>>> print(open('target_5.tsv').read())   # TSV, C-alpha atoms and all ligand atoms
chain	number	residue	atom	x	y	z
B	1	MET	CA	220.03	41.02	-60.51
B	2	THR	CA	216.46	40.84	-59.23
B	3	GLU	CA	213.39	40.29	-61.37
B	4	ASN	CA	211.93	43.60	-60.28
B	5	LYS	CA	214.82	45.64	-61.51
B	6	SER	CA	214.15	47.15	-64.92
B	7	ILE	CA	217.42	47.60	-66.79
B	8	PHE	CA	217.68	49.12	-70.22
B	9	TYR	CA	220.82	50.89	-71.41
B	10	GLY	CA	220.12	51.06	-75.14
B	11	ARG	CA	218.49	53.65	-77.37
B	12	ARG	CA	214.73	54.14	-77.68
B	13	ILE	CA	214.97	55.58	-81.18
B	14	GLY	CA	217.59	55.76	-83.93
B	15	ARG	CA	217.05	58.62	-86.38
B	16	PRO	CA	213.99	60.76	-85.61
B	17	LEU	CA	210.94	58.63	-86.35
B	18	LYS	CA	209.19	59.36	-89.64
B	19	SER	CA	205.52	60.25	-89.31
B	20	LEU	CA	204.61	56.87	-90.87
B	21	ASN	CA	206.48	55.04	-88.09
B	22	LYS	CA	205.05	57.31	-85.41
B	23	GLY	CA	201.59	56.63	-86.82
B	24	LEU	CA	202.20	52.87	-86.74
B	25	LEU	CA	203.35	53.05	-83.12
B	26	THR	CA	200.37	55.17	-82.10
B	27	HIS	CA	197.58	53.54	-84.06
B	28	PHE	CA	198.71	50.04	-85.05
B	29	PHE	CA	200.87	48.99	-82.10
B	30	PRO	CA	197.86	48.64	-79.72
B	31	LYS	CA	196.61	45.74	-81.91
B	32	TYR	CA	199.75	43.79	-80.91
B	33	GLU	CA	200.44	45.25	-77.49
B	34	LEU	CA	200.95	42.93	-74.56
B	35	ILE	CA	198.82	44.54	-71.86
B	36	PHE	CA	200.14	44.12	-68.33
B	37	PRO	CA	197.62	43.43	-65.56
B	38	LYS	CA	197.06	46.32	-63.13
B	39	ASN	CA	197.77	43.99	-60.24
B	40	ILE	CA	201.26	42.44	-60.31
B	41	GLU	CA	199.88	39.35	-58.54
B	42	GLU	CA	197.81	38.58	-61.65
B	43	LYS	CA	200.28	36.89	-63.98
B	44	LEU	CA	200.11	36.82	-67.75
B	45	ASP	CA	199.52	33.25	-68.86
B	46	PRO	CA	200.66	32.59	-72.45
B	47	LYS	CA	197.96	29.88	-72.72
B	48	ILE	CA	195.33	32.57	-72.16
B	49	LEU	CA	197.10	35.16	-74.32
B	50	PHE	CA	197.24	32.70	-77.25
B	51	PRO	CA	194.27	30.35	-76.76
B	52	THR	CA	194.90	28.30	-79.91
B	53	ALA	CA	198.65	27.91	-79.47
B	54	THR	CA	200.29	24.80	-78.04
B	55	THR	CA	203.80	26.15	-77.40
B	56	PHE	CA	205.07	29.57	-76.33
B	57	SER	CA	208.22	31.55	-77.08
B	58	LEU	CA	209.80	34.81	-76.00
B	59	GLU	CA	212.27	36.83	-78.05
B	60	ILE	CA	214.32	39.31	-76.02
B	61	GLY	CA	215.59	42.33	-77.97
B	62	PHE	CA	214.01	41.45	-81.33
B	63	GLY	CA	215.38	44.61	-82.99
B	64	THR	CA	213.52	45.10	-86.29
B	65	GLY	CA	211.66	41.83	-85.72
B	66	THR	CA	212.96	39.91	-88.77
B	67	HIS	CA	213.40	36.67	-86.81
B	68	LEU	CA	210.28	37.10	-84.66
B	69	PHE	CA	208.06	37.71	-87.69
B	70	SER	CA	209.46	34.75	-89.59
B	71	GLN	CA	209.17	32.39	-86.60
B	72	ALA	CA	205.59	33.47	-85.91
B	73	LYS	CA	204.64	33.11	-89.56
B	74	GLY	CA	206.27	29.68	-89.84
B	75	ASN	CA	204.89	28.37	-86.51
B	76	PRO	CA	201.22	29.35	-86.33
B	77	ASN	CA	200.67	27.03	-83.34
B	78	THR	CA	203.26	28.85	-81.24
B	79	GLY	CA	202.45	32.07	-79.39
B	80	PHE	CA	205.34	34.57	-79.58
B	81	ILE	CA	205.99	37.36	-77.10
B	82	GLY	CA	208.53	39.95	-78.23
B	83	SER	CA	210.30	42.40	-75.94
B	84	GLU	CA	212.00	45.43	-77.50
B	85	PRO	CA	212.26	48.99	-76.16
B	86	TYR	CA	213.86	50.29	-79.41
B	87	LEU	CA	210.90	52.05	-81.07
B	88	SER	CA	212.53	52.42	-84.50
B	89	GLY	CA	212.94	48.63	-84.63
B	90	VAL	CA	209.42	47.95	-83.41
B	91	SER	CA	207.98	50.21	-86.10
B	92	GLN	CA	209.77	48.11	-88.77
B	93	LEU	CA	208.09	45.00	-87.45
B	94	LEU	CA	204.74	46.79	-87.36
B	95	LYS	CA	205.15	47.61	-91.07
B	96	ASN	CA	205.51	43.91	-91.81
B	97	LEU	CA	202.57	43.06	-89.59
B	98	GLN	CA	200.46	45.65	-91.35
B	99	GLU	CA	201.22	44.03	-94.72
B	100	GLU	CA	200.84	40.52	-93.35
B	101	PRO	CA	198.89	40.37	-90.07
B	102	LEU	CA	199.70	37.51	-87.69
B	103	LYS	CA	197.56	36.35	-84.77
B	104	ASN	CA	200.30	34.72	-82.74
B	105	ILE	CA	202.50	37.72	-81.82
B	106	LEU	CA	202.27	40.09	-78.86
B	107	LEU	CA	204.80	42.87	-78.31
B	108	SER	CA	206.09	44.82	-75.36
B	109	LEU	CA	208.15	48.01	-75.42
B	110	THR	CA	209.14	47.36	-71.84
B	111	PRO	CA	212.58	45.98	-70.97
B	112	VAL	CA	212.31	42.25	-70.53
B	113	GLN	CA	213.20	42.37	-66.84
B	114	THR	CA	209.91	44.20	-66.18
B	115	LEU	CA	207.91	42.04	-68.57
B	116	LEU	CA	209.05	38.92	-66.73
B	117	THR	CA	207.67	40.16	-63.42
B	118	PHE	CA	204.20	39.95	-65.01
B	119	LEU	CA	204.68	36.59	-66.73
B	120	LYS	CA	203.52	33.25	-65.37
B	121	LEU	CA	206.39	31.06	-64.16
B	122	TYR	CA	207.30	27.89	-66.09
B	123	SER	CA	205.15	28.93	-69.03
B	124	LEU	CA	207.61	29.17	-71.95
B	125	ASP	CA	209.04	26.57	-74.30
B	126	HIS	CA	211.73	28.65	-75.96
B	127	ILE	CA	213.57	31.92	-75.35
B	128	TYR	CA	215.60	33.62	-78.09
B	129	ILE	CA	218.28	36.27	-77.49
B	130	LEU	CA	219.84	37.05	-80.86
B	131	PHE	CA	222.88	39.32	-81.06
B	132	PRO	CA	222.41	41.01	-77.68
B	133	ASP	CA	224.22	44.33	-77.20
B	134	PRO	CA	227.88	43.38	-76.56
B	135	TRP	CA	228.82	46.33	-74.29
B	136	PRO	CA	232.51	45.88	-75.20
B	137	LYS	CA	234.05	48.33	-72.72
B	138	ALA	CA	235.09	46.54	-69.53
B	139	ARG	CA	233.29	49.11	-67.39
B	140	HIS	CA	230.04	48.35	-69.29
B	141	ASN	CA	230.34	44.55	-69.26
B	142	LYS	CA	227.92	44.32	-66.36
B	143	ARG	CA	225.18	45.64	-68.65
B	144	ARG	CA	225.33	42.47	-70.72
B	145	ILE	CA	221.98	40.74	-70.69
B	146	VAL	CA	223.41	37.22	-70.91
B	147	SER	CA	224.81	36.56	-67.46
B	148	THR	CA	224.53	33.82	-64.84
B	149	PRO	CA	221.97	35.78	-62.74
B	150	MET	CA	219.84	36.46	-65.84
B	151	LEU	CA	220.01	32.80	-66.89
B	152	LYS	CA	218.84	31.82	-63.39
B	153	VAL	CA	215.89	34.21	-63.76
B	154	LEU	CA	215.05	32.90	-67.25
B	155	LYS	CA	215.08	29.32	-65.97
B	156	LYS	CA	212.07	30.13	-63.80
B	157	TYR	CA	210.02	31.03	-66.86
B	158	LEU	CA	210.82	27.92	-68.87
B	159	LYS	CA	209.02	24.59	-68.77
B	160	PRO	CA	211.32	21.68	-67.76
B	161	THR	CA	211.76	20.89	-71.48
B	162	GLY	CA	212.47	24.55	-72.29
B	163	LYS	CA	215.34	25.84	-74.42
B	164	ILE	CA	217.27	29.05	-74.93
B	165	THR	CA	218.87	30.06	-78.23
B	166	ILE	CA	221.54	32.75	-78.07
B	167	SER	CA	223.73	34.14	-80.83
B	168	THR	CA	226.63	36.57	-80.90
B	169	ASP	CA	229.29	37.82	-83.29
B	170	HIS	CA	231.36	39.31	-80.47
B	171	THR	CA	234.32	37.12	-79.44
B	172	ASP	CA	234.76	38.64	-75.99
B	173	TYR	CA	231.03	38.39	-75.22
B	174	ALA	CA	231.08	34.77	-76.48
B	175	GLY	CA	233.76	33.93	-73.89
B	176	TRP	CA	231.80	35.80	-71.21
B	177	MET	CA	228.63	33.88	-72.17
B	178	GLU	CA	230.41	30.52	-72.07
B	179	GLU	CA	231.56	31.26	-68.50
B	180	ALA	CA	228.02	32.31	-67.57
B	181	PHE	CA	226.59	29.06	-69.03
B	182	GLU	CA	228.95	26.97	-66.88
B	183	LYS	CA	227.65	28.55	-63.68
B	184	SER	CA	224.01	28.48	-64.82
B	185	PRO	CA	221.28	25.84	-64.53
B	186	PHE	CA	221.61	25.12	-68.27
B	187	ILE	CA	223.58	22.63	-70.34
B	188	LEU	CA	225.09	23.72	-73.61
B	189	GLU	CA	223.49	21.24	-75.98
B	190	LYS	CA	224.82	22.57	-79.26
B	191	THR	CA	227.17	25.28	-80.55
B	192	TYR	CA	227.62	26.21	-84.19
B	193	PHE	CA	228.35	29.06	-86.56
B	194	LEU	CA	225.57	30.42	-88.76
B	195	GLU	CA	228.03	30.67	-91.67
B	196	THR	CA	228.92	26.98	-91.77
B	197	HIS	CA	225.95	25.21	-90.19
B	198	LYS	CA	222.70	24.32	-91.96
B	199	ARG	CA	220.70	27.46	-91.37
B	200	PRO	CA	217.93	26.99	-88.75
B	201	VAL	CA	214.45	27.20	-90.30
B	202	HIS	CA	212.48	30.44	-89.87
B	203	TRP	CA	215.66	32.32	-88.92
B	204	PRO	CA	216.38	34.83	-91.67
B	205	ILE	CA	219.44	37.08	-91.43
B	206	THR	CA	218.69	39.76	-88.85
B	207	ARG	CA	219.96	43.34	-88.98
B	208	PHE	CA	222.81	42.62	-86.60
B	209	GLU	CA	223.76	39.34	-88.22
B	210	ASN	CA	223.98	41.22	-91.51
B	211	LYS	CA	226.24	43.86	-89.91
B	212	ALA	CA	228.53	41.04	-88.73
B	213	HIS	CA	228.68	39.47	-92.20
B	214	LEU	CA	229.60	42.82	-93.76
B	215	VAL	CA	232.74	43.01	-91.64
B	216	GLY	CA	233.46	39.26	-91.73
B	217	ARG	CA	232.72	38.48	-88.07
B	218	PRO	CA	231.53	34.87	-87.59
B	219	CYS	CA	228.18	34.47	-85.83
B	220	LYS	CA	228.15	31.85	-83.09
B	221	VAL	CA	224.94	30.18	-81.86
B	222	TYR	CA	224.40	28.50	-78.51
B	223	GLU	CA	221.50	26.13	-77.84
B	224	LEU	CA	220.91	25.67	-74.12
B	225	ILE	CA	218.68	23.14	-72.40
B	226	LEU	CA	217.84	22.85	-68.73
B	227	SER	CA	220.11	20.73	-66.60
B	228	LYS	CA	218.25	17.86	-64.89
B	229	THR	CA	220.13	18.38	-61.64
J	1	LIG	C1	222.25	44.44	-80.98
J	1	LIG	S1	220.53	44.55	-81.04
J	1	LIG	C2	220.05	43.03	-81.83
J	1	LIG	C3	218.68	43.13	-82.45
J	1	LIG	C4	218.20	41.87	-83.19
J	1	LIG	N1	218.07	40.76	-82.30
J	1	LIG	C5	219.10	41.54	-84.35
J	1	LIG	O1	219.69	40.43	-84.36
J	1	LIG	O2	219.18	42.36	-85.29
J	1	LIG	C6	220.09	44.23	-79.35
J	1	LIG	C7	218.67	44.65	-79.02
J	1	LIG	O3	218.37	44.30	-77.67
J	1	LIG	C8	217.50	45.29	-77.16
J	1	LIG	N2	217.56	45.26	-75.69
J	1	LIG	C9	218.57	45.72	-74.92
J	1	LIG	N3	218.26	45.59	-73.62
J	1	LIG	C10	217.01	45.03	-73.58
J	1	LIG	C11	216.14	44.67	-72.52
J	1	LIG	N4	216.48	44.87	-71.25
J	1	LIG	N5	214.93	44.13	-72.84
J	1	LIG	C12	214.59	43.94	-74.14
J	1	LIG	N6	215.38	44.27	-75.18
J	1	LIG	C13	216.56	44.81	-74.90
J	1	LIG	C14	218.03	46.60	-77.77
J	1	LIG	O4	217.07	47.62	-77.78
J	1	LIG	C15	218.45	46.16	-79.16
J	1	LIG	O5	217.46	46.41	-80.12
>>> encode(input="target_5.tsv", output="structure tokens", more="lines below")
Ligand SMILES: C[S@@+](CC[C@H](N)C(=O)[O-])C[C@H]1O[C@@H](n2cnc3c(N)ncnc32)[C@H](O)[C@@H]1O
Amino acid sequence: MTENKSIFYGRRIGRPLKSLNKGLLTHFFPKYELIFPKNIEEKLDPKILFPTATTFSLEIGFGTGTHLFSQAKGNPNTGFIGSEPYLSGVSQLLKNLQEEPLKNILLSLTPVQTLLTFLKLYSLDHIYILFPDPWPKARHNKRRIVSTPMLKVLKKYLKPTGKITISTDHTDYAGWMEEAFEKSPFILEKTYFLETHKRPVHWPITRFENKAHLVGRPCKVYELILSKT
């Protein structure tokens, strides 16, 4: 996988968008939109995007934004970039932001692979990928976003002390991820299940975690840190 390749296999919308959601996307989204520079050589520097923040995070595939909103609200000194092409999800987050505006969130509807090509290298402290699409059919496995090549790309955007948090409720994808971690520049620092571990702060149950609970699938979390070698 190269950084320039934009890959998105999911849906842009669920049910047809209600006029309220369309209105939010048209009129309210620009307030939170991450604007890409016209020239690809000009990189987006989180320090400039969030001048008062001291640390910077990226959430890939934030869905309806439950986790992103809560993290941003609970960590006002962290600047959060969210990447999500699924418009129905983004409009849910915009509803929350309309009720409770936050200054430390910027959003992109562009697949993360494209977003990264505009982002300054070694600028992030934390990357979250919560319940990525599992693509269960063998012929679709290569669409999975957590892979060794992707982890190698993500490494270039993290500071040396940077971390990645990944969760999944899909057993086959969990095994696939564990193999990818072994061949990646990361060390698996911690693994736990959301059901039995003390719940991480500012991480409310997301839409896809809730779906997993409803059918009794355990939700596994991986905390990765950069290997020193
Ligand atoms: C299974 S959902 C999980 C959503 C949310 N994290 C949750 O826990 O409810 C996976 C999300 O990843 C998004 N996604 C898939 N490919 C992506 C990409 N290349 N860049 C950014 N988001 C992506 C999808 O649109 C989808 O909303």
>>> atom_distance(input="target_5.tsv", atom1="atom CA of B:Pro76", atom2="atom CA of B:Ile105")
9.6 Å
>>> residues_near_ligand(input="target_5.tsv", ligand="ligand LIG 1 (chain J)", cutoff="6 Å", atoms="all atoms listed in the file", output="list of chain:residue names")
B:Ile7, B:Phe8, B:Gly10, B:Ile60, B:Gly61, B:Phe62, B:Gly63, B:Ser83, B:Glu84, B:Pro85, B:Tyr86, B:Pro111, B:Val112, B:Leu130, B:Phe131, B:Pro132, B:Asp133, B:Thr206, B:Arg207, B:Phe208, B:Glu209
>>> atom_distance(input="target_5.tsv", atom1="atom CA of B:Phe186", atom2="atom CA of B:Ile166")
12.4 Å
>>> residues_around(input="target_5.tsv", residues="B:Thr117", least_positions_apart="2", cutoff="9 Å", atoms="all atoms listed in the file", output="list in words")
Glu3, Asn4, Ile40, Lys43, Val112, Gln113, Thr114, Leu115, Leu119 and Lys120 of chain B
>>> residues_around(input="target_5.tsv", residues="B:Leu188", least_positions_apart="3", cutoff="7 Å", atoms="all atoms listed in the file", output="JSON, numbers by chain")
{"B": [222, 223, 224, 225]}
>>> residues_around(input="target_5.tsv", residues="B:Pro51", least_positions_apart="4", cutoff="12 Å", atoms="all atoms listed in the file", output="list of chain:residue names")
B:Asp45, B:Pro46, B:Lys47, B:Thr55, B:Phe56, B:Pro76, B:Asn77, B:Thr78, B:Gly79, B:Lys103, B:Asn104
>>> residues_around(input="target_5.tsv", residues="B:Leu154", least_positions_apart="3", cutoff="9 Å", atoms="only C-alpha atoms", output="list in words")
Leu116, Ile127, Pro149, Met150, Leu151, Tyr157, Leu158 and Ile164 of chain B
>>> residues_around(input="target_5.tsv", residues="B:Gly162", least_positions_apart="2", cutoff="6 Å", atoms="only C-alpha atoms", output="CSV table (one decimal) with C-alpha atoms, keeping the file's coordinate frame")
chain,number,residue,atom,x,y,z
B,125,ASP,CA,209.0,26.6,-74.3
B,126,HIS,CA,211.7,28.6,-76.0
B,158,LEU,CA,210.8,27.9,-68.9
B,159,LYS,CA,209.0,24.6,-68.8
B,160,PRO,CA,211.3,21.7,-67.8
>>> closest_residue(input="target_5.tsv", among="B:Ala180, B:Phe69, B:Phe118, B:Leu49", to="B:Pro37", atoms="only C-alpha atoms")
B:Phe118
>>> atom_distance(input="target_5.tsv", atom1="atom CA of B:Lys155", atom2="atom CA of B:Lys190")
17.8 Å
>>> axis_aligned_box(input="target_5.tsv", around="stretch 157-168 of chain B", padding_each_side="4 Å", output="JSON")
{"center_x": 217.8, "center_y": 28.7, "center_z": -73.9, "size_x": 25.6, "size_y": 23.7, "size_z": 22.0}
>>> closest_residue(input="target_5.tsv", among="B:Arg12, B:Lys18, B:His67, B:Arg139", to="B:Pro200", atoms="all atoms listed in the file")
B:His67
>>> closest_residue(input="target_5.tsv", among="B:Ser91, B:Thr64, B:Ser147, B:Thr54", to="B:Thr26", atoms="only C-alpha atoms")
B:Ser91
>>> closest_residue(input="target_5.tsv", among="B:His170, B:Pro204, B:Ser88, B:Gly216", to="B:Pro16", atoms="all atoms listed in the file")
B:Ser88
>>> decode(input="target_5.tsv", residues="stretch 65-77 of chain B", atoms="all heavy atoms", output="mmCIF file, in the first residue's frame")
data_model
loop_
_atom_site.group_PDB
_atom_site.id
_atom_site.type_symbol
_atom_site.label_atom_id
_atom_site.label_comp_id
_atom_site.auth_asym_id
_atom_site.auth_seq_id
_atom_site.Cartn_x
_atom_site.Cartn_y
_atom_site.Cartn_z
ATOM 1 N N GLY B 65 -19.065 8.968 15.824
ATOM 2 C CA GLY B 65 -18.254 9.945 16.560
ATOM 3 C C GLY B 65 -18.403 9.903 18.079
ATOM 4 O O GLY B 65 -17.913 10.800 18.764
ATOM 5 N N THR B 66 -19.022 8.855 18.614
ATOM 6 C CA THR B 66 -19.241 8.767 20.069
ATOM 7 C C THR B 66 -17.913 8.887 20.837
ATOM 8 O O THR B 66 -17.794 9.650 21.791
ATOM 9 C CB THR B 66 -19.873 7.388 20.418
ATOM 10 O OG1 THR B 66 -20.849 7.099 19.453
ATOM 11 C CG2 THR B 66 -20.453 7.374 21.805
ATOM 12 N N HIS B 67 -16.928 8.092 20.391
ATOM 13 C CA HIS B 67 -15.637 8.085 21.087
ATOM 14 C C HIS B 67 -14.888 9.395 20.843
ATOM 15 O O HIS B 67 -14.347 10.003 21.763
ATOM 16 C CB HIS B 67 -14.822 6.874 20.596
ATOM 17 C CG HIS B 67 -13.419 6.851 21.105
ATOM 18 N ND1 HIS B 67 -12.356 7.338 20.381
ATOM 19 C CD2 HIS B 67 -12.896 6.414 22.282
ATOM 20 C CE1 HIS B 67 -11.245 7.188 21.081
ATOM 21 N NE2 HIS B 67 -11.545 6.635 22.228
ATOM 22 N N LEU B 68 -14.889 9.854 19.606
ATOM 23 C CA LEU B 68 -14.155 11.078 19.252
ATOM 24 C C LEU B 68 -14.675 12.266 20.060
ATOM 25 O O LEU B 68 -13.894 13.049 20.617
ATOM 26 C CB LEU B 68 -14.318 11.327 17.740
ATOM 27 C CG LEU B 68 -13.575 12.508 17.140
ATOM 28 C CD1 LEU B 68 -12.068 12.380 17.346
ATOM 29 C CD2 LEU B 68 -13.868 12.618 15.637
ATOM 30 N N PHE B 69 -15.991 12.388 20.140
ATOM 31 C CA PHE B 69 -16.611 13.506 20.853
ATOM 32 C C PHE B 69 -16.226 13.457 22.335
ATOM 33 O O PHE B 69 -15.836 14.459 22.928
ATOM 34 C CB PHE B 69 -18.134 13.436 20.688
ATOM 35 C CG PHE B 69 -18.859 14.562 21.352
ATOM 36 C CD1 PHE B 69 -19.021 15.785 20.710
ATOM 37 C CD2 PHE B 69 -19.379 14.417 22.633
ATOM 38 C CE1 PHE B 69 -19.687 16.837 21.331
ATOM 39 C CE2 PHE B 69 -20.042 15.451 23.262
ATOM 40 C CZ PHE B 69 -20.204 16.667 22.612
ATOM 41 N N SER B 70 -16.333 12.259 22.908
ATOM 42 C CA SER B 70 -16.057 12.116 24.330
ATOM 43 C C SER B 70 -14.574 12.396 24.642
ATOM 44 O O SER B 70 -14.244 13.052 25.628
ATOM 45 C CB SER B 70 -16.452 10.702 24.762
ATOM 46 O OG SER B 70 -16.030 10.450 26.048
ATOM 47 N N GLN B 71 -13.692 11.888 23.792
ATOM 48 C CA GLN B 71 -12.258 12.133 23.995
ATOM 49 C C GLN B 71 -11.958 13.628 23.906
ATOM 50 O O GLN B 71 -11.210 14.174 24.721
ATOM 51 C CB GLN B 71 -11.433 11.405 22.925
ATOM 52 C CG GLN B 71 -11.301 9.919 23.125
ATOM 53 C CD GLN B 71 -10.347 9.545 24.252
ATOM 54 O OE1 GLN B 71 -9.618 10.367 24.801
ATOM 55 N NE2 GLN B 71 -10.373 8.288 24.628
ATOM 56 N N ALA B 72 -12.538 14.279 22.881
ATOM 57 C CA ALA B 72 -12.245 15.705 22.679
ATOM 58 C C ALA B 72 -12.795 16.532 23.845
ATOM 59 O O ALA B 72 -12.145 17.459 24.325
ATOM 60 C CB ALA B 72 -12.827 16.170 21.346
ATOM 61 N N LYS B 73 -13.970 16.148 24.314
ATOM 62 C CA LYS B 73 -14.573 16.866 25.433
ATOM 63 C C LYS B 73 -13.743 16.668 26.716
ATOM 64 O O LYS B 73 -13.518 17.600 27.478
ATOM 65 C CB LYS B 73 -16.003 16.329 25.625
ATOM 66 C CG LYS B 73 -16.803 17.128 26.594
ATOM 67 C CD LYS B 73 -18.213 16.623 26.649
ATOM 68 C CE LYS B 73 -18.853 17.151 27.919
ATOM 69 N NZ LYS B 73 -20.162 16.621 28.135
ATOM 70 N N GLY B 74 -13.287 15.446 26.911
ATOM 71 C CA GLY B 74 -12.546 15.125 28.142
ATOM 72 C C GLY B 74 -11.089 15.556 28.118
ATOM 73 O O GLY B 74 -10.432 15.580 29.155
ATOM 74 N N ASN B 75 -10.562 15.863 26.918
ATOM 75 C CA ASN B 75 -9.140 16.243 26.795
ATOM 76 C C ASN B 75 -9.019 17.547 26.017
ATOM 77 O O ASN B 75 -8.589 17.555 24.854
ATOM 78 C CB ASN B 75 -8.363 15.139 26.052
ATOM 79 C CG ASN B 75 -8.328 13.844 26.816
ATOM 80 O OD1 ASN B 75 -7.677 13.727 27.845
ATOM 81 N ND2 ASN B 75 -9.078 12.866 26.328
ATOM 82 N N PRO B 76 -9.395 18.668 26.652
ATOM 83 C CA PRO B 76 -9.418 19.931 25.901
ATOM 84 C C PRO B 76 -8.043 20.378 25.412
ATOM 85 O O PRO B 76 -7.957 21.212 24.509
ATOM 86 C CB PRO B 76 -10.014 20.936 26.903
ATOM 87 C CG PRO B 76 -9.914 20.281 28.240
ATOM 88 C CD PRO B 76 -9.886 18.809 28.032
ATOM 89 N N ASN B 77 -6.967 19.814 25.991
ATOM 90 C CA ASN B 77 -5.622 20.212 25.526
ATOM 91 C C ASN B 77 -5.094 19.312 24.424
ATOM 92 O O ASN B 77 -3.929 19.391 24.051
ATOM 93 C CB ASN B 77 -4.634 20.212 26.697
ATOM 94 C CG ASN B 77 -4.996 21.273 27.698
ATOM 95 O OD1 ASN B 77 -5.508 22.335 27.315
ATOM 96 N ND2 ASN B 77 -4.803 20.981 28.973
#
